[in-house]
file data_7.cif (mmCIF, C-alpha atoms; chains and numbers go by the auth columns)
data_start
loop_
_atom_site.group_PDB
_atom_site.id
_atom_site.type_symbol
_atom_site.label_atom_id
_atom_site.label_comp_id
_atom_site.label_asym_id
_atom_site.label_seq_id
_atom_site.Cartn_x
_atom_site.Cartn_y
_atom_site.Cartn_z
_atom_site.B_iso_or_equiv
_atom_site.auth_seq_id
_atom_site.auth_asym_id
ATOM 1 C CA MET A 1 4.562 -2.521 -15.006 0.00 1 A
ATOM 2 C CA PHE A 2 0.759 -2.761 -14.987 0.00 2 A
ATOM 3 C CA ILE A 3 -2.324 -0.803 -16.044 0.00 3 A
ATOM 4 C CA ALA A 4 -4.997 0.539 -13.672 0.00 4 A
ATOM 5 C CA LYS A 5 -7.736 3.120 -13.368 0.00 5 A
ATOM 6 C CA VAL A 6 -7.558 5.786 -10.645 0.00 6 A
ATOM 7 C CA ILE A 7 -10.781 5.429 -8.628 0.00 7 A
ATOM 8 C CA GLY A 8 -10.041 7.547 -5.575 0.00 8 A
ATOM 9 C CA THR A 9 -7.659 8.935 -2.980 0.00 9 A
ATOM 10 C CA VAL A 10 -6.510 7.929 0.514 0.00 10 A
ATOM 11 C CA TRP A 11 -6.108 10.607 3.210 0.00 11 A
ATOM 12 C CA ALA A 12 -3.738 9.598 6.015 0.00 12 A
ATOM 13 C CA THR A 13 -2.211 12.147 8.371 0.00 13 A
ATOM 14 C CA VAL A 14 -0.386 9.561 10.481 0.00 14 A
ATOM 15 C CA LYS A 15 2.091 7.823 8.140 0.00 15 A
ATOM 16 C CA ASP A 16 5.777 7.133 7.564 0.00 16 A
ATOM 17 C CA GLN A 17 7.450 10.554 7.608 0.00 17 A
ATOM 18 C CA ASN A 18 9.097 9.963 4.217 0.00 18 A
ATOM 19 C CA LEU A 19 5.616 9.782 2.675 0.00 19 A
ATOM 20 C CA ARG A 20 4.704 13.308 3.684 0.00 20 A
ATOM 21 C CA GLY A 21 3.526 15.360 0.703 0.00 21 A
ATOM 22 C CA TYR A 22 2.914 12.391 -1.590 0.00 22 A
ATOM 23 C CA LYS A 23 -0.561 11.608 -2.875 0.00 23 A
ATOM 24 C CA LEU A 24 -1.861 8.073 -2.239 0.00 24 A
ATOM 25 C CA GLN A 25 -4.317 7.049 -4.927 0.00 25 A
ATOM 26 C CA ILE A 26 -6.726 4.136 -4.960 0.00 26 A
ATOM 27 C CA ILE A 27 -6.236 2.314 -8.274 0.00 27 A
ATOM 28 C CA GLN A 28 -8.191 -0.563 -9.819 0.00 28 A
ATOM 29 C CA PRO A 29 -5.900 -2.847 -11.851 0.00 29 A
ATOM 30 C CA LEU A 30 -7.175 -3.473 -15.402 0.00 30 A
ATOM 31 C CA THR A 31 -6.543 -6.048 -18.155 0.00 31 A
ATOM 32 C CA SER A 32 -5.148 -4.692 -21.422 0.00 32 A
ATOM 33 C CA LYS A 33 -8.755 -4.644 -22.686 0.00 33 A
ATOM 34 C CA GLY A 34 -9.787 -2.430 -19.788 0.00 34 A
ATOM 35 C CA ASP A 35 -11.727 -4.924 -17.670 0.00 35 A
ATOM 36 C CA LYS A 36 -11.343 -4.983 -13.888 0.00 36 A
ATOM 37 C CA PHE A 37 -8.638 -7.351 -12.688 0.00 37 A
ATOM 38 C CA GLY A 38 -8.356 -8.234 -8.987 0.00 38 A
ATOM 39 C CA SER A 39 -9.146 -5.817 -6.180 0.00 39 A
ATOM 40 C CA PRO A 40 -8.088 -2.165 -5.817 0.00 40 A
ATOM 41 C CA ILE A 41 -4.676 -1.298 -4.346 0.00 41 A
ATOM 42 C CA ILE A 42 -3.096 1.930 -3.151 0.00 42 A
ATOM 43 C CA ALA A 43 -0.248 3.556 -5.087 0.00 43 A
ATOM 44 C CA ALA A 44 1.889 6.629 -4.500 0.00 44 A
ATOM 45 C CA ASP A 45 1.370 9.253 -7.224 0.00 45 A
ATOM 46 C CA THR A 46 4.155 11.623 -8.216 0.00 46 A
ATOM 47 C CA ILE A 47 2.625 12.228 -11.659 0.00 47 A
ATOM 48 C CA GLY A 48 -0.649 13.862 -10.604 0.00 48 A
ATOM 49 C CA ALA A 49 -3.166 11.486 -12.153 0.00 49 A
ATOM 50 C CA GLY A 50 -6.806 12.408 -11.652 0.00 50 A
ATOM 51 C CA PRO A 51 -9.736 10.134 -10.800 0.00 51 A
ATOM 52 C CA GLY A 52 -10.993 8.190 -13.824 0.00 52 A
ATOM 53 C CA GLU A 53 -7.648 8.313 -15.645 0.00 53 A
ATOM 54 C CA VAL A 54 -5.965 5.105 -16.826 0.00 54 A
ATOM 55 C CA VAL A 55 -2.385 4.887 -15.585 0.00 55 A
ATOM 56 C CA MET A 56 0.747 2.717 -15.685 0.00 56 A
ATOM 57 C CA TYR A 57 2.070 1.703 -12.276 0.00 57 A
ATOM 58 C CA ILE A 58 5.081 -0.244 -10.965 0.00 58 A
ATOM 59 C CA THR A 59 5.260 -2.507 -7.930 0.00 59 A
ATOM 60 C CA ALA A 60 7.826 -3.879 -5.505 0.00 60 A
ATOM 61 C CA ARG A 61 10.838 -1.986 -4.172 0.00 61 A
ATOM 62 C CA GLU A 62 11.294 -0.058 -7.445 0.00 62 A
ATOM 63 C CA ALA A 63 8.105 1.838 -6.538 0.00 63 A
ATOM 64 C CA VAL A 64 10.208 4.069 -4.274 0.00 64 A
ATOM 65 C CA ILE A 65 12.331 5.384 -7.168 0.00 65 A
ATOM 66 C CA PRO A 66 9.887 8.068 -8.423 0.00 66 A
ATOM 67 C CA LEU A 67 9.770 9.550 -4.919 0.00 67 A
ATOM 68 C CA ASP A 68 12.718 11.845 -4.179 0.00 68 A
ATOM 69 C CA VAL A 69 13.419 10.259 -0.801 0.00 69 A
ATOM 70 C CA LYS A 70 16.098 7.628 -0.215 0.00 70 A
ATOM 71 C CA GLU A 71 13.745 5.211 1.512 0.00 71 A
ATOM 72 C CA ALA A 72 9.989 4.894 1.961 0.00 72 A
ATOM 73 C CA PRO A 73 7.712 1.910 2.562 0.00 73 A
ATOM 74 C CA VAL A 74 6.018 2.072 -0.847 0.00 74 A
ATOM 75 C CA ASP A 75 5.321 -1.026 -2.981 0.00 75 A
ATOM 76 C CA ALA A 76 3.296 0.579 -5.806 0.00 76 A
ATOM 77 C CA SER A 77 3.549 3.913 -7.566 0.00 77 A
ATOM 78 C CA ILE A 78 2.041 5.521 -10.658 0.00 78 A
ATOM 79 C CA VAL A 79 4.615 6.263 -13.358 0.00 79 A
ATOM 80 C CA GLY A 80 2.512 7.408 -16.311 0.00 80 A
ATOM 81 C CA ILE A 81 -0.915 8.453 -17.573 0.00 81 A
ATOM 82 C CA ILE A 82 -2.020 6.449 -20.613 0.00 82 A
ATOM 83 C CA GLU A 83 -3.621 8.212 -23.612 0.00 83 A
ATOM 84 C CA LYS A 84 -4.001 5.306 -26.006 0.00 84 A
ATOM 85 C CA ILE A 85 -3.309 1.574 -26.138 0.00 85 A
ATOM 86 C CA ASP A 86 -2.675 -0.187 -29.479 0.00 86 A
ATOM 87 C CA ILE A 87 -3.034 -3.956 -29.285 0.00 87 A
ATOM 88 C CA GLY A 88 -1.668 -5.888 -32.295 0.00 88 A
ATOM 89 C CA LEU A 89 -2.822 -9.376 -31.265 0.00 89 A
ATOM 90 C CA MET B 1 -0.063 -0.965 -0.776 0.00 1 B
ATOM 91 C CA ILE B 2 -3.101 -2.798 0.471 0.00 2 B
ATOM 92 C CA LEU B 3 -5.971 -1.515 2.584 0.00 3 B
ATOM 93 C CA GLY B 4 -6.485 -3.431 5.831 0.00 4 B
ATOM 94 C CA LYS B 5 -7.953 -3.366 9.298 0.00 5 B
ATOM 95 C CA VAL B 6 -5.912 -4.222 12.399 0.00 6 B
ATOM 96 C CA VAL B 7 -7.797 -7.075 14.066 0.00 7 B
ATOM 97 C CA GLY B 8 -5.278 -8.318 16.605 0.00 8 B
ATOM 98 C CA THR B 9 -1.716 -8.690 17.812 0.00 9 B
ATOM 99 C CA VAL B 10 0.812 -11.527 17.738 0.00 10 B
ATOM 100 C CA TRP B 11 3.115 -12.146 20.701 0.00 11 B
ATOM 101 C CA ALA B 12 6.224 -14.284 20.139 0.00 12 B
ATOM 102 C CA THR B 13 9.033 -14.306 22.662 0.00 13 B
ATOM 103 C CA ARG B 14 11.242 -16.789 20.784 0.00 14 B
ATOM 104 C CA LYS B 15 11.945 -15.245 17.386 0.00 15 B
ATOM 105 C CA ASP B 16 14.737 -13.914 15.217 0.00 16 B
ATOM 106 C CA GLU B 17 16.613 -11.657 17.625 0.00 17 B
ATOM 107 C CA SER B 18 16.622 -8.742 15.186 0.00 18 B
ATOM 108 C CA LEU B 19 12.821 -8.698 15.571 0.00 19 B
ATOM 109 C CA THR B 20 12.963 -7.956 19.281 0.00 20 B
ATOM 110 C CA GLY B 21 10.895 -4.944 20.291 0.00 21 B
ATOM 111 C CA LEU B 22 8.785 -4.936 17.119 0.00 22 B
ATOM 112 C CA LYS B 23 5.010 -5.013 17.284 0.00 23 B
ATOM 113 C CA PHE B 24 3.312 -7.652 15.082 0.00 24 B
ATOM 114 C CA GLN B 25 -0.264 -6.778 14.176 0.00 25 B
ATOM 115 C CA ILE B 26 -2.761 -9.082 12.478 0.00 26 B
ATOM 116 C CA VAL B 27 -4.213 -7.149 9.535 0.00 27 B
ATOM 117 C CA LYS B 28 -7.235 -8.385 7.559 0.00 28 B
ATOM 118 C CA HIS B 29 -7.695 -7.078 4.017 0.00 29 B
ATOM 119 C CA VAL B 30 -10.773 -4.829 3.630 0.00 30 B
ATOM 120 C CA ASP B 31 -12.701 -3.590 0.605 0.00 31 B
ATOM 121 C CA LEU B 32 -13.387 0.107 -0.100 0.00 32 B
ATOM 122 C CA GLU B 33 -16.381 0.049 2.279 0.00 33 B
ATOM 123 C CA TYR B 34 -14.097 -1.385 4.992 0.00 34 B
ATOM 124 C CA ASN B 35 -15.849 -4.791 4.934 0.00 35 B
ATOM 125 C CA LEU B 36 -13.453 -7.494 6.155 0.00 36 B
ATOM 126 C CA LYS B 37 -12.219 -9.943 3.531 0.00 37 B
ATOM 127 C CA ASP B 38 -10.859 -13.414 4.297 0.00 38 B
ATOM 128 C CA ASN B 39 -7.159 -12.939 3.637 0.00 39 B
ATOM 129 C CA PHE B 40 -4.974 -11.527 6.366 0.00 40 B
ATOM 130 C CA LEU B 41 -1.288 -11.016 7.066 0.00 41 B
ATOM 131 C CA ILE B 42 1.016 -10.252 9.958 0.00 42 B
ATOM 132 C CA ALA B 43 2.604 -6.821 9.606 0.00 43 B
ATOM 133 C CA VAL B 44 5.162 -4.988 11.703 0.00 44 B
ATOM 134 C CA ASP B 45 3.668 -1.757 12.980 0.00 45 B
ATOM 135 C CA SER B 46 5.788 1.332 12.290 0.00 46 B
ATOM 136 C CA VAL B 47 3.159 4.038 12.972 0.00 47 B
ATOM 137 C CA GLY B 48 1.446 2.937 16.200 0.00 48 B
ATOM 138 C CA ALA B 49 -1.807 1.583 14.751 0.00 49 B
ATOM 139 C CA GLY B 50 -4.300 0.224 17.278 0.00 50 B
ATOM 140 C CA VAL B 51 -6.731 -2.665 16.894 0.00 51 B
ATOM 141 C CA GLY B 52 -9.752 -1.600 14.850 0.00 52 B
ATOM 142 C CA GLU B 53 -7.926 1.038 12.828 0.00 53 B
ATOM 143 C CA ILE B 54 -7.942 1.061 9.006 0.00 54 B
ATOM 144 C CA VAL B 55 -4.351 1.044 7.756 0.00 55 B
ATOM 145 C CA LEU B 56 -2.153 0.756 4.682 0.00 56 B
ATOM 146 C CA VAL B 57 0.358 -2.090 4.490 0.00 57 B
ATOM 147 C CA ALA B 58 3.393 -2.188 2.206 0.00 58 B
ATOM 148 C CA THR B 59 4.633 -5.684 1.395 0.00 59 B
ATOM 149 C CA GLY B 60 7.689 -7.256 -0.185 0.00 60 B
ATOM 150 C CA SER B 61 11.147 -5.774 0.161 0.00 61 B
ATOM 151 C CA SER B 62 9.657 -2.257 0.310 0.00 62 B
ATOM 152 C CA ALA B 63 8.590 -3.232 3.836 0.00 63 B
ATOM 153 C CA ARG B 64 12.230 -2.971 4.919 0.00 64 B
ATOM 154 C CA LEU B 65 12.470 0.701 3.865 0.00 65 B
ATOM 155 C CA THR B 66 11.538 2.145 7.241 0.00 66 B
ATOM 156 C CA ALA B 67 13.712 3.016 10.257 0.00 67 B
ATOM 157 C CA VAL B 68 11.953 0.327 12.305 0.00 68 B
ATOM 158 C CA THR B 69 12.326 -2.563 9.815 0.00 69 B
ATOM 159 C CA LYS B 70 15.635 -1.743 8.082 0.00 70 B
ATOM 160 C CA ASN B 71 17.762 -4.903 7.468 0.00 71 B
ATOM 161 C CA LYS B 72 15.292 -7.110 9.320 0.00 72 B
ATOM 162 C CA PRO B 73 13.442 -10.215 8.125 0.00 73 B
ATOM 163 C CA VAL B 74 10.191 -8.291 7.560 0.00 74 B
ATOM 164 C CA ASP B 75 8.064 -8.376 4.388 0.00 75 B
ATOM 165 C CA ALA B 76 4.979 -6.426 5.562 0.00 76 B
ATOM 166 C CA VAL B 77 4.820 -3.124 7.430 0.00 77 B
ATOM 167 C CA ILE B 78 1.939 -0.915 8.506 0.00 78 B
ATOM 168 C CA MET B 79 3.057 2.502 7.173 0.00 79 B
ATOM 169 C CA ALA B 80 -0.107 4.662 7.361 0.00 80 B
ATOM 170 C CA ILE B 81 -3.321 4.996 9.346 0.00 81 B
ATOM 171 C CA VAL B 82 -6.205 5.908 7.055 0.00 82 B
ATOM 172 C CA ASP B 83 -8.303 8.962 7.955 0.00 83 B
ATOM 173 C CA LYS B 84 -10.637 8.899 4.956 0.00 84 B
ATOM 174 C CA LEU B 85 -11.134 7.401 1.494 0.00 85 B
ATOM 175 C CA ASP B 86 -12.537 9.441 -1.387 0.00 86 B
ATOM 176 C CA VAL B 87 -13.844 6.851 -3.848 0.00 87 B
ATOM 177 C CA VAL B 88 -14.953 8.419 -7.128 0.00 88 B
ATOM 178 C CA SER B 89 -16.112 5.589 -9.297 0.00 89 B
ATOM 179 C CA ASP B 90 -15.911 1.868 -8.759 0.00 90 B
#
call {"tool": "encode", "arguments": {"input": "data_7.cif", "output": "structure tokens"}}
result
Amino acid sequence: MFIAKVIGTVWATVKDQNLRGYKLQIIQPLTSKGDKFGSPIIAADTIGAGPGEVVMYITAREAVIPLDVKEAPVDASIVGIIEKIDIGL
Amino acid sequence: MILGKVVGTVWATRKDESLTGLKFQIVKHVDLEYNLKDNFLIAVDSVGAGVGEIVLVATGSSARLTAVTKNKPVDAVIMAIVDKLDVVSD
């Protein structure tokens, strides 16, 4: 699970039919301190995160689980919107 | 998923037989202004993307979760053709 900031949305009419109805957000991965980390990726969003919000996202095959389809070619999806991060060390 | 641009096609007659009939596109990563980056990958095309189109590519074992690539040795699939990006803040 990783942290990222939602920085935009992808519009794609032609896509895998199991992706119909799902939002595809552009997210910028962040370090735990909130600095940019690597380049932006695209993640499916079943939570309804808005631009500018900091989110938790998962990668790999598990990214299909939040979608209520059996199979879809998705390797990243948003699973939560973060309010606060406490760092002990 | 990653954002990419289809820049070419790979033809390979001798290959794993389960890959017969699949289209292999060369996809270069692009940034949010669609400028080409250096890294590229070969992705199986499942949505009929042509050269020059901006696409999304799913990689890893998620790439096998389409009708075209199910149970095949494929780790990257083109699964969307991008119409537009709305970028709010970078």
call {"tool": "interface_residues", "arguments": {"input": "data_7.cif", "of": "chain B", "to": "chain A", "cutoff": "7 Å", "atoms": "only C-alpha atoms", "output": "PDB file with C-alpha atoms, keeping the file's coordinate frame"}}
result
ATOM      1  CA  MET B   1      -0.063  -0.965  -0.776  1.00  0.00           C
ATOM      2  CA  ILE B   2      -3.101  -2.798   0.471  1.00  0.00           C
ATOM      3  CA  VAL B  47       3.159   4.038  12.972  1.00  0.00           C
ATOM      4  CA  ALA B  58       3.393  -2.188   2.206  1.00  0.00           C
ATOM      5  CA  THR B  59       4.633  -5.684   1.395  1.00  0.00           C
ATOM      6  CA  GLY B  60       7.689  -7.256  -0.185  1.00  0.00           C
ATOM      7  CA  SER B  61      11.147  -5.774   0.161  1.00  0.00           C
ATOM      8  CA  SER B  62       9.657  -2.257   0.310  1.00  0.00           C
ATOM      9  CA  ALA B  63       8.590  -3.232   3.836  1.00  0.00           C
ATOM     10  CA  LEU B  65      12.470   0.701   3.865  1.00  0.00           C
ATOM     11  CA  THR B  66      11.538   2.145   7.241  1.00  0.00           C
ATOM     12  CA  MET B  79       3.057   2.502   7.173  1.00  0.00           C
ATOM     13  CA  ALA B  80      -0.107   4.662   7.361  1.00  0.00           C
ATOM     14  CA  ILE B  81      -3.321   4.996   9.346  1.00  0.00           C
ATOM     15  CA  VAL B  82      -6.205   5.908   7.055  1.00  0.00           C
ATOM     16  CA  ASP B  83      -8.303   8.962   7.955  1.00  0.00           C
ATOM     17  CA  LYS B  84     -10.637   8.899   4.956  1.00  0.00           C
ATOM     18  CA  LEU B  85     -11.134   7.401   1.494  1.00  0.00           C
ATOM     19  CA  ASP B  86     -12.537   9.441  -1.387  1.00  0.00           C
ATOM     20  CA  VAL B  87     -13.844   6.851  -3.848  1.00  0.00           C
ATOM     21  CA  VAL B  88     -14.953   8.419  -7.128  1.00  0.00           C
ATOM     22  CA  SER B  89     -16.112   5.589  -9.297  1.00  0.00           C
ATOM     23  CA  ASP B  90     -15.911   1.868  -8.759  1.00  0.00           C
TER      24      ASP B  90
END
call {"tool": "residues_near_point", "arguments": {"input": "data_7.cif", "point": "(-1.8, -6.3, -25.1)", "cutoff": "10 Å", "atoms": "only C-alpha atoms", "output": "list of chain:residue names"}}
result
A:Thr31, A:Ser32, A:Lys33, A:Ile85, A:Asp86, A:Ile87, A:Gly88, A:Leu89
call {"tool": "resolve_selection", "arguments": {"input": "data_7.cif", "expression": "the PyMOL selection byres ((chain B and resi 11) around 9)", "output": "PyMOL selection string"}}
result
chain B and resi 9-10+12-13+23-24
call {"tool": "residues_around", "arguments": {"input": "data_7.cif", "residues": "B:Lys72", "least_positions_apart": "4", "cutoff": "8 Å", "atoms": "all atoms listed in the file", "output": "VMD selection string"}}
result
chain B and resid 18 to 19 64
call {"tool": "closest_residue", "arguments": {"input": "data_7.cif", "among": "B:Val74, B:Leu22, B:Glu17, B:Leu36", "to": "B:Ile54", "atoms": "all atoms listed in the file"}}
result
B:Leu36
call {"tool": "atom_distance", "arguments": {"input": "data_7.cif", "atom1": "atom CA of A:Met1", "atom2": "atom CA of A:Lys23"}}
result
19.3 Å
call {"tool": "axis_aligned_box", "arguments": {"input": "data_7.cif", "around": "stretch 33-50 of chain B", "padding_each_side": "4 Å", "output": "JSON"}}
result
{"center_x": -5.3, "center_y": -4.7, "center_z": 9.8, "size_x": 30.2, "size_y": 25.5, "size_z": 23.0}
call {"tool": "atom_distance", "arguments": {"input": "data_7.cif", "atom1": "atom CA of B:Ala76", "atom2": "atom CA of B:Asn39"}}
result
13.9 Å
call {"tool": "atom_distance", "arguments": {"input": "data_7.cif", "atom1": "atom CA of B:Val55", "atom2": "atom CA of B:Val27"}}
result
8.4 Å
call {"tool": "residues_near_point", "arguments": {"input": "data_7.cif", "point": "(-9.8, -9.9, 17.0)", "cutoff": "12 Å", "atoms": "only C-alpha atoms", "output": "list in words"}}
result
Lys5, Val6, Val7, Gly8, Thr9, Val10, Gln25, Ile26, Val27, Lys28, Leu36, Phe40, Gly50, Val51, Gly52 and Glu53 of chain B
call {"tool": "closest_residue", "arguments": {"input": "data_7.cif", "among": "B:Asp16, B:Asn71, B:Gly4, B:Val57", "to": "B:Asp45", "atoms": "only C-alpha atoms"}}
result
B:Val57
call {"tool": "residues_around", "arguments": {"input": "data_7.cif", "residues": "A:Pro29", "least_positions_apart": "6", "cutoff": "6 Å", "atoms": "all atoms listed in the file", "output": "list in words"}}
result
Ile3, Ala4 and Phe37 of chain A
call {"tool": "residues_around", "arguments": {"input": "data_7.cif", "residues": "A:Ala49", "least_positions_apart": "3", "cutoff": "8 Å", "atoms": "all atoms listed in the file", "output": "mmCIF file with C-alpha atoms, in the coordinates of the input"}}
result
data_model
loop_
_atom_site.group_PDB
_atom_site.id
_atom_site.type_symbol
_atom_site.label_atom_id
_atom_site.label_comp_id
_atom_site.auth_asym_id
_atom_site.auth_seq_id
_atom_site.Cartn_x
_atom_site.Cartn_y
_atom_site.Cartn_z
ATOM 1 C CA VAL A 6 -7.558 5.786 -10.645
ATOM 2 C CA ASP A 45 1.370 9.253 -7.224
ATOM 3 C CA GLU A 53 -7.648 8.313 -15.645
ATOM 4 C CA VAL A 55 -2.385 4.887 -15.585
ATOM 5 C CA ILE A 81 -0.915 8.453 -17.573
#
call {"tool": "resolve_selection", "arguments": {"input": "data_7.cif", "expression": "the PyMOL selection byres ((chain A and resi 46) around 7)", "output": "NGL selection string"}}
result
:A and (22 or 44-45 or 47-48 or 66-67 or 78)
